[in-house]
>>> print(open('input-v6.json').read())   # JSON, C-alpha atoms
[["chain", "number", "residue", "atom", "x", "y", "z"],
["T", 1, "MET", "CA", -38.66, 106.68, -144.55],
["T", 2, "LYS", "CA", -37.50, 107.39, -141.01],
["T", 3, "ILE", "CA", -39.43, 110.22, -139.34],
["T", 4, "ILE", "CA", -36.83, 112.02, -137.23],
["T", 5, "PRO", "CA", -38.27, 115.11, -135.47],
["T", 6, "PHE", "CA", -35.00, 117.03, -135.21],
["T", 7, "ILE", "CA", -34.34, 116.78, -138.96],
["T", 8, "LEU", "CA", -37.80, 117.78, -140.17],
["T", 9, "PRO", "CA", -37.27, 121.55, -139.54],
["T", 10, "LEU", "CA", -34.26, 121.51, -141.88],
["T", 11, "LEU", "CA", -36.31, 119.79, -144.55],
["T", 12, "ILE", "CA", -38.92, 122.54, -144.25],
["T", 13, "ILE", "CA", -36.24, 125.21, -144.60],
["T", 14, "GLN", "CA", -34.85, 123.50, -147.68],
["T", 15, "ALA", "CA", -38.29, 123.23, -149.24],
["T", 16, "CYS", "CA", -38.97, 126.92, -148.65],
["T", 17, "THR", "CA", -35.64, 127.98, -150.13],
["T", 18, "GLY", "CA", -35.79, 125.60, -153.07],
["T", 19, "GLN", "CA", -32.75, 123.64, -151.91],
["T", 20, "THR", "CA", -34.19, 120.19, -151.31],
["T", 21, "GLU", "CA", -32.50, 118.83, -154.44],
["T", 22, "SER", "CA", -29.49, 120.73, -153.29],
["T", 23, "ASN", "CA", -26.69, 119.55, -155.52],
["T", 24, "LYS", "CA", -28.33, 120.09, -158.89],
["T", 25, "GLU", "CA", -27.03, 122.87, -161.14],
["T", 26, "PRO", "CA", -29.53, 125.65, -161.96],
["T", 27, "VAL", "CA", -30.54, 126.01, -165.61],
["T", 28, "ARG", "CA", -29.08, 129.19, -167.09],
["T", 29, "ASP", "CA", -29.69, 131.15, -170.26],
["T", 30, "ALA", "CA", -26.99, 130.30, -172.78],
["T", 31, "HIS", "CA", -26.78, 134.01, -173.72],
["T", 32, "GLN", "CA", -26.31, 135.20, -170.17],
["T", 33, "PRO", "CA", -23.22, 137.45, -170.32],
["T", 34, "LYS", "CA", -22.01, 136.87, -166.77],
["T", 35, "ALA", "CA", -22.05, 133.73, -164.65],
["T", 36, "GLU", "CA", -23.95, 133.88, -161.40],
["T", 37, "PRO", "CA", -21.93, 133.84, -158.18],
["T", 38, "ASN", "CA", -21.18, 130.36, -156.88],
["T", 39, "PRO", "CA", -21.40, 130.54, -153.07],
["T", 40, "ILE", "CA", -20.11, 127.00, -152.65],
["T", 41, "GLN", "CA", -16.92, 127.72, -154.61],
["T", 42, "GLU", "CA", -16.56, 131.08, -152.90],
["T", 43, "LEU", "CA", -16.73, 129.38, -149.49],
["T", 44, "TYR", "CA", -14.16, 126.77, -150.46],
["T", 45, "ASP", "CA", -11.81, 129.43, -151.88],
["T", 46, "GLN", "CA", -12.11, 131.38, -148.64],
["T", 47, "TYR", "CA", -10.52, 128.54, -146.66],
["T", 48, "ALA", "CA", -8.34, 126.84, -149.27],
["T", 49, "GLU", "CA", -5.24, 128.89, -148.39],
["T", 50, "ASN", "CA", -5.32, 128.08, -144.66],
["T", 51, "ASN", "CA", -2.09, 126.13, -144.18],
["T", 52, "GLU", "CA", -1.89, 126.53, -140.40],
["T", 53, "PRO", "CA", -1.74, 123.19, -138.51],
["T", 54, "SER", "CA", -5.03, 121.85, -137.21],
["T", 55, "VAL", "CA", -5.59, 121.38, -133.50],
["T", 56, "SER", "CA", -8.27, 118.96, -132.27],
["T", 57, "SER", "CA", -9.03, 119.42, -128.58],
["T", 58, "GLY", "CA", -11.21, 117.43, -126.22],
["T", 59, "THR", "CA", -13.27, 114.51, -127.45],
["T", 60, "VAL", "CA", -15.62, 113.83, -130.35],
["T", 61, "SER", "CA", -18.54, 114.48, -127.99],
["T", 62, "LYS", "CA", -17.10, 117.52, -126.20],
["T", 63, "GLY", "CA", -14.36, 119.25, -128.12],
["T", 64, "SER", "CA", -13.19, 121.98, -130.45],
["T", 65, "LEU", "CA", -11.26, 122.41, -133.67],
["T", 66, "LYS", "CA", -8.71, 125.05, -134.68],
["T", 67, "ASN", "CA", -7.62, 125.56, -138.29],
["T", 68, "GLY", "CA", -9.88, 122.83, -139.60],
["T", 69, "LYS", "CA", -9.71, 122.08, -143.32],
["T", 70, "LEU", "CA", -12.78, 122.34, -145.54],
["T", 71, "PHE", "CA", -13.46, 119.48, -147.94],
["T", 72, "PRO", "CA", -14.11, 120.36, -151.59],
["T", 73, "PHE", "CA", -17.81, 120.10, -152.37],
["T", 74, "LYS", "CA", -17.04, 117.77, -155.25],
["T", 75, "GLY", "CA", -14.08, 115.78, -156.55],
["T", 76, "PRO", "CA", -13.41, 113.37, -159.42],
["T", 77, "ASN", "CA", -15.19, 110.49, -157.64],
["T", 78, "PHE", "CA", -16.98, 111.99, -154.63],
["T", 79, "ILE", "CA", -19.56, 114.63, -153.79],
["T", 80, "TYR", "CA", -20.62, 116.30, -150.56],
["T", 81, "PHE", "CA", -24.23, 115.34, -150.02],
["T", 82, "ASP", "CA", -25.97, 118.66, -149.38],
["T", 83, "SER", "CA", -25.30, 122.31, -150.28],
["T", 84, "THR", "CA", -27.21, 123.72, -147.29],
["T", 85, "SER", "CA", -25.06, 121.65, -144.93],
["T", 86, "TYR", "CA", -21.92, 122.71, -146.79],
["T", 87, "LEU", "CA", -22.78, 126.41, -146.68],
["T", 88, "SER", "CA", -23.53, 125.98, -142.98],
["T", 89, "LYS", "CA", -19.83, 125.02, -142.65],
["T", 90, "HIS", "CA", -20.38, 121.42, -141.60],
["T", 91, "ALA", "CA", -17.62, 119.96, -143.82],
["T", 92, "PHE", "CA", -14.51, 120.74, -141.75],
["T", 93, "THR", "CA", -12.07, 118.21, -140.28],
["T", 94, "ASN", "CA", -8.63, 118.03, -138.77],
["T", 95, "GLU", "CA", -6.01, 118.24, -141.54],
["T", 96, "ARG", "CA", -4.92, 114.62, -140.95],
["T", 97, "VAL", "CA", -8.48, 113.38, -141.40],
["T", 98, "HIS", "CA", -8.81, 115.65, -144.43],
["T", 99, "ARG", "CA", -5.72, 114.08, -146.06],
["T", 100, "THR", "CA", -6.85, 110.58, -145.11],
["T", 101, "VAL", "CA", -10.30, 110.89, -146.67],
["T", 102, "LEU", "CA", -9.08, 112.56, -149.86],
["T", 103, "SER", "CA", -6.20, 110.10, -150.37],
["T", 104, "THR", "CA", -8.67, 107.23, -149.93],
["T", 105, "TYR", "CA", -10.87, 108.66, -152.67],
["T", 106, "LYS", "CA", -7.74, 109.12, -154.79],
["T", 107, "GLU", "CA", -6.96, 105.40, -154.47],
["T", 108, "PHE", "CA", -10.48, 104.52, -155.57],
["T", 109, "GLU", "CA", -10.10, 106.56, -158.75],
["T", 110, "THR", "CA", -8.02, 103.61, -159.97],
["T", 111, "ILE", "CA", -9.73, 100.81, -158.03],
["T", 112, "LEU", "CA", -13.28, 101.81, -159.00],
["T", 113, "PRO", "CA", -13.02, 104.59, -161.59],
["T", 114, "HIS", "CA", -16.71, 105.00, -162.42],
["T", 115, "PHE", "CA", -18.17, 105.14, -158.92],
["T", 116, "GLU", "CA", -19.00, 108.36, -157.07],
["T", 117, "PHE", "CA", -18.85, 108.24, -153.26],
["T", 118, "GLY", "CA", -21.02, 110.36, -151.00],
["T", 119, "LEU", "CA", -19.39, 112.37, -148.21],
["T", 120, "MET", "CA", -21.71, 113.52, -145.43],
["T", 121, "GLU", "CA", -21.43, 115.72, -142.35],
["T", 122, "CYS", "CA", -18.12, 116.28, -140.55],
["T", 123, "SER", "CA", -17.51, 119.13, -138.07],
["T", 124, "ASN", "CA", -18.16, 122.85, -137.73],
["T", 125, "GLU", "CA", -15.40, 125.27, -138.63],
["T", 126, "HIS", "CA", -14.39, 125.58, -134.97],
["T", 127, "GLY", "CA", -15.80, 122.27, -133.79],
["T", 128, "GLY", "CA", -18.19, 122.20, -130.86],
["T", 129, "LYS", "CA", -21.82, 121.21, -131.02],
["T", 130, "ILE", "CA", -23.13, 120.50, -134.50],
["T", 131, "TRP", "CA", -26.88, 120.00, -134.48],
["T", 132, "PRO", "CA", -28.33, 117.37, -134.49],
["T", 133, "HIS", "CA", -25.23, 115.20, -133.89],
["T", 134, "ARG", "CA", -24.07, 114.13, -130.45],
["T", 135, "THR", "CA", -20.46, 113.90, -131.57],
["T", 136, "HIS", "CA", -18.54, 115.44, -134.55],
["T", 137, "GLN", "CA", -17.13, 118.07, -132.18],
["T", 138, "ASN", "CA", -13.34, 118.05, -132.64],
["T", 139, "GLY", "CA", -12.76, 117.42, -136.34],
["T", 140, "LEU", "CA", -12.11, 113.68, -136.00],
["T", 141, "SER", "CA", -15.57, 112.40, -137.05],
["T", 142, "VAL", "CA", -16.92, 111.88, -140.56],
["T", 143, "ASP", "CA", -20.18, 110.45, -141.90],
["T", 144, "PHE", "CA", -19.96, 108.44, -145.12],
["T", 145, "MET", "CA", -22.89, 107.57, -147.37],
["T", 146, "SER", "CA", -23.50, 103.84, -147.61],
["T", 147, "PRO", "CA", -22.65, 102.78, -151.20],
["T", 148, "LEU", "CA", -25.64, 101.30, -152.97],
["T", 149, "LEU", "CA", -26.55, 98.71, -155.56],
["T", 150, "LYS", "CA", -29.59, 98.76, -157.84],
["T", 151, "ASN", "CA", -30.52, 95.29, -159.03],
["T", 152, "GLY", "CA", -26.97, 94.21, -158.19],
["T", 153, "ASN", "CA", -25.19, 97.04, -160.03],
["T", 154, "SER", "CA", -23.48, 100.08, -158.50],
["T", 155, "SER", "CA", -25.85, 103.03, -158.13],
["T", 156, "MET", "CA", -25.35, 106.71, -157.37],
["T", 157, "ASP", "CA", -29.04, 107.57, -157.72],
["T", 158, "PHE", "CA", -29.37, 109.03, -154.23],
["T", 159, "ASN", "CA", -26.08, 110.93, -154.02],
["T", 160, "THR", "CA", -27.68, 114.31, -154.66],
["T", 161, "ILE", "CA", -30.96, 114.18, -152.72],
["T", 162, "GLY", "CA", -29.44, 116.23, -149.92],
["T", 163, "LEU", "CA", -30.50, 116.12, -146.29],
["T", 164, "PRO", "CA", -33.32, 113.56, -146.86],
["T", 165, "HIS", "CA", -30.58, 110.97, -147.36],
["T", 166, "TYR", "CA", -30.28, 110.79, -143.56],
["T", 167, "LEU", "CA", -33.94, 109.70, -143.51],
["T", 168, "MET", "CA", -33.59, 106.77, -145.90],
["T", 169, "ASP", "CA", -34.64, 103.51, -144.27],
["T", 170, "PHE", "CA", -32.93, 100.16, -144.89],
["T", 171, "ASP", "CA", -34.05, 96.87, -143.39],
["T", 172, "GLU", "CA", -31.83, 94.46, -141.43],
["T", 173, "ASN", "CA", -30.49, 93.02, -144.70],
["T", 174, "GLY", "CA", -29.63, 96.42, -146.13],
["T", 175, "VAL", "CA", -32.57, 96.60, -148.56],
["T", 176, "TYR", "CA", -34.15, 100.02, -149.09],
["T", 177, "THR", "CA", -37.69, 99.80, -147.77],
["T", 178, "GLU", "CA", -39.13, 102.36, -150.22],
["T", 179, "ASP", "CA", -37.75, 100.57, -153.29],
["T", 180, "THR", "CA", -36.40, 97.05, -152.86],
["T", 181, "THR", "CA", -34.39, 97.21, -156.09],
["T", 182, "TYR", "CA", -31.84, 99.19, -154.05],
["T", 183, "SER", "CA", -29.60, 97.68, -151.38],
["T", 184, "ILE", "CA", -26.38, 98.48, -149.56],
["T", 185, "ASP", "CA", -23.16, 97.41, -151.27],
["T", 186, "PHE", "CA", -21.62, 95.79, -148.19],
["T", 187, "ASN", "CA", -18.50, 94.60, -149.99],
["T", 188, "LEU", "CA", -17.66, 98.13, -151.17],
["T", 189, "LEU", "CA", -18.47, 99.56, -147.75],
["T", 190, "ALA", "CA", -15.96, 97.15, -146.20],
["T", 191, "LYS", "CA", -13.35, 97.88, -148.85],
["T", 192, "HIS", "CA", -13.75, 101.61, -148.26],
["T", 193, "LEU", "CA", -13.21, 101.22, -144.51],
["T", 194, "LEU", "CA", -10.10, 99.08, -145.04],
["T", 195, "GLU", "CA", -8.60, 101.62, -147.43],
["T", 196, "LEU", "CA", -9.58, 104.45, -145.11],
["T", 197, "ASN", "CA", -7.76, 102.82, -142.20],
["T", 198, "MET", "CA", -4.70, 102.17, -144.35],
["T", 199, "GLN", "CA", -4.54, 105.81, -145.40],
["T", 200, "ALA", "CA", -5.18, 106.91, -141.82],
["T", 201, "LYS", "CA", -2.03, 105.10, -140.67],
["T", 202, "LYS", "CA", 0.00, 107.09, -143.20],
["T", 203, "ASN", "CA", -1.28, 110.24, -141.48],
["T", 204, "GLY", "CA", -0.64, 109.22, -137.89],
["T", 205, "LEU", "CA", -4.24, 108.14, -137.32],
["T", 206, "LYS", "CA", -6.33, 105.04, -137.05],
["T", 207, "ILE", "CA", -10.04, 104.35, -137.06],
["T", 208, "GLU", "CA", -11.10, 104.39, -133.43],
["T", 209, "LYS", "CA", -14.77, 103.46, -133.92],
["T", 210, "VAL", "CA", -17.34, 102.80, -136.63],
["T", 211, "ILE", "CA", -21.04, 103.23, -136.00],
["T", 212, "LEU", "CA", -23.26, 101.17, -138.30],
["T", 213, "LYS", "CA", -26.71, 99.78, -137.63],
["T", 214, "ILE", "CA", -25.97, 96.68, -135.57],
["T", 215, "ALA", "CA", -28.27, 94.38, -137.55],
["T", 216, "LEU", "CA", -26.26, 95.14, -140.71],
["T", 217, "LYS", "CA", -22.93, 93.87, -139.41],
["T", 218, "ASP", "CA", -23.58, 90.21, -140.22],
["T", 219, "ASN", "CA", -24.19, 91.08, -143.88],
["T", 220, "LEU", "CA", -21.12, 93.30, -143.90],
["T", 221, "PHE", "CA", -18.76, 90.72, -142.40],
["T", 222, "ALA", "CA", -20.07, 87.97, -144.71],
["T", 223, "THR", "CA", -18.62, 89.64, -147.84],
["T", 224, "GLU", "CA", -15.14, 89.14, -149.31],
["T", 225, "TYR", "CA", -13.79, 92.41, -147.93],
["T", 226, "GLY", "CA", -16.04, 92.20, -144.91],
["T", 227, "LYS", "CA", -14.13, 89.13, -143.72],
["T", 228, "LYS", "CA", -10.89, 91.10, -144.01],
["T", 229, "LEU", "CA", -12.52, 94.00, -142.21],
["T", 230, "LYS", "CA", -13.58, 91.77, -139.32],
["T", 231, "ALA", "CA", -10.05, 90.35, -139.12],
["T", 232, "SER", "CA", -8.55, 93.86, -139.12],
["T", 233, "GLY", "CA", -9.76, 94.54, -135.60],
["T", 234, "ILE", "CA", -11.42, 97.85, -136.49],
["T", 235, "TYR", "CA", -13.90, 98.45, -133.69],
["T", 236, "PHE", "CA", -17.62, 98.65, -134.42],
["T", 237, "ALA", "CA", -20.01, 100.00, -131.78],
["T", 238, "THR", "CA", -21.85, 97.09, -130.19],
["T", 239, "LYS", "CA", -24.37, 98.93, -128.02],
["T", 240, "LEU", "CA", -26.47, 101.78, -129.38],
["T", 241, "SER", "CA", -29.74, 103.40, -128.36],
["T", 242, "ASP", "CA", -32.67, 102.49, -130.59],
["T", 243, "LEU", "CA", -32.64, 105.98, -132.13],
["T", 244, "ILE", "CA", -28.91, 106.07, -132.89],
["T", 245, "ASP", "CA", -29.01, 102.51, -134.21],
["T", 246, "SER", "CA", -31.91, 103.26, -136.56],
["T", 247, "LEU", "CA", -30.17, 106.34, -137.96],
["T", 248, "HIS", "CA", -27.00, 104.53, -139.01],
["T", 249, "ASP", "CA", -28.28, 102.41, -141.89],
["T", 250, "ASP", "CA", -28.06, 104.90, -144.76],
["T", 251, "HIS", "CA", -24.59, 105.97, -143.63],
["T", 252, "TYR", "CA", -21.72, 104.90, -141.39],
["T", 253, "HIS", "CA", -20.04, 107.14, -138.86],
["T", 254, "VAL", "CA", -16.26, 106.99, -138.41],
["T", 255, "ASP", "CA", -14.26, 108.40, -135.49],
["T", 256, "PHE", "CA", -10.50, 108.69, -135.94],
["T", 257, "THR", "CA", -7.87, 108.95, -133.24],
["T", 258, "PHE", "CA", -4.18, 109.91, -133.22],
["T", 259, "VAL", "CA", -1.51, 107.22, -132.95],
["T", 260, "ASN", "CA", 1.47, 109.61, -133.00]]
>>> encode(input="input-v6.json", output="structure tokens")
Amino acid sequence: MKIIPFILPLLIIQACTGQTESNKEPVRDAHQPKAEPNPIQELYDQYAENNEPSVSSGTVSKGSLKNGKLFPFKGPNFIYFDSTSYLSKHAFTNERVHRTVLSTYKEFETILPHFEFGLMECSNEHGGKIWPHRTHQNGLSVDFMSPLLKNGNSSMDFNTIGLPHYLMDFDENGVYTEDTTYSIDFNLLAKHLLELNMQAKKNGLKIEKVILKIALKDNLFATEYGKKLKASGIYFATKLSDLIDSLHDDHYHVDFTFVN
């Protein structure tokens, strides 16, 4: 597991508040007359009626967001990775990115009906600095959980572990170092990016940059859809600091940009 100093304080907070396994439903008494409040649903409902157009200003590394749209915490085939992050309002994007991501998941309901994708951190409600990220500032950045295989079969075993997912460590071949029965599904990762870019074009966007651990790109581009991805011209970061490179194995970061 990666030991990242700036993430450890959040793990401590989660442990103290009982939210480390953040997406699991609490066990309730069957005879309880009234359901407990659901802060996640209450937060989503608070922003669901905002139909004002989004405005992304500045850049992904120095910018702001107006009228950002909040992703649902869970959909038919996706889940936001961590309730603490969600309640901290880290799941906002520009409306065009919002439509792009959700329409991509909608397509996969037919393409891959039994797989659940993991959506990770996006932007703050009003953009700006979002600790500990260096970018994600104007609603045009999204982190996506790397899809996984267990012994060659699709696995969603780590979708609900919360913030520790950012600390998962995969080797240069995409094998999970803590349990080698798990590995990155590079073909599905490539297929997701291709579909994401296709949906982006329908919303006046394109993928500007993907950040993935550099050593993983050979495995990615060697797959069926990886070859199509390489031919698509979608740009992958080629130079990263050791820290940033090491962090982008369990997930891939996508920056979008406007084309009209």
>>> residues_around(input="input-v6.json", residues="region 120-122 of chain T", least_positions_apart="4", cutoff="6 Å", atoms="only C-alpha atoms", output="PyMOL selection string")
chain T and resi 80-81+90-92+141-144
>>> atom_distance(input="input-v6.json", atom1="CA of Tyr86 (chain T)", atom2="CA of Ile40 (chain T)")
7.5 Å
>>> residues_around(input="input-v6.json", residues="Ala237 (chain T)", least_positions_apart="6", cutoff="10 Å", atoms="only C-alpha atoms", output="PyMOL selection string")
chain T and resi 209-214+245
>>> write_last_selection(input="input-v6.json", atoms="C-alpha atoms", output="compact mmCIF listing (two decimals), in the coordinates of the input")
# COMPACT_ATOMS: atom_id res chain seq x y z
CA LYS T 209 -14.77 103.46 -133.92
CA VAL T 210 -17.34 102.80 -136.63
CA ILE T 211 -21.04 103.23 -136.00
CA LEU T 212 -23.26 101.17 -138.30
CA LYS T 213 -26.71 99.78 -137.63
CA ILE T 214 -25.97 96.68 -135.57
CA ASP T 245 -29.01 102.51 -134.21
>>> atom_distance(input="input-v6.json", atom1="CA of Ala200 (chain T)", atom2="CA of Val97 (chain T)")
7.3 Å
>>> closest_residue(input="input-v6.json", among="T:Leu205, T:Gln137, T:Asp249, T:Ser64", to="Arg96 (chain T)", atoms="all atoms listed in the file")
T:Leu205
>>> closest_residue(input="input-v6.json", among="T:Thr180, T:Asn159, T:Thr257, T:Ser103", to="Gln199 (chain T)", atoms="only C-alpha atoms")
T:Ser103
>>> residues_around(input="input-v6.json", residues="region 127-136 of chain T", least_positions_apart="3", cutoff="8 Å", atoms="all atoms listed in the file", output="VMD selection string")
chain T and resid 6 to 7 60 to 66 90 122 to 124 139 to 142
>>> atom_distance(input="input-v6.json", atom1="CA of Leu194 (chain T)", atom2="CA of Leu229 (chain T)")
6.3 Å
>>> residues_around(input="input-v6.json", residues="Lys227 (chain T)", least_positions_apart="6", cutoff="10 Å", atoms="all atoms listed in the file", output="compact mmCIF listing (two decimals) with C-alpha atoms, in the frame of the given file")
# COMPACT_ATOMS: atom_id res chain seq x y z
CA ASN T 187 -18.50 94.60 -149.99
CA ALA T 190 -15.96 97.15 -146.20
CA LEU T 220 -21.12 93.30 -143.90
CA PHE T 221 -18.76 90.72 -142.40
>>> residues_around(input="input-v6.json", residues="region 170-177 of chain T", least_positions_apart="3", cutoff="10 Å", atoms="all atoms listed in the file", output="ChimeraX atom specification")
/T:1-2,146,148-150,167,180-186,213-220,246-250
>>> closest_residue(input="input-v6.json", among="T:Asn260, T:Thr160, T:Ser241, T:Ser154", to="Thr84 (chain T)", atoms="only C-alpha atoms")
T:Thr160
>>> closest_residue(input="input-v6.json", among="T:Glu125, T:Asp82, T:Glu42, T:Glu52", to="His165 (chain T)", atoms="all atoms listed in the file")
T:Asp82
>>> closest_residue(input="input-v6.json", among="T:Asp242, T:Pro72, T:Pro113, T:Ile79", to="Thr93 (chain T)", atoms="all atoms listed in the file")
T:Pro72
>>> axis_aligned_box(input="input-v6.json", around="region 184-203 of chain T", padding_each_side="5 Å", output="JSON")
{"center_x": -13.2, "center_y": 102.4, "center_z": -146.0, "size_x": 36.4, "size_y": 25.6, "size_z": 20.6}
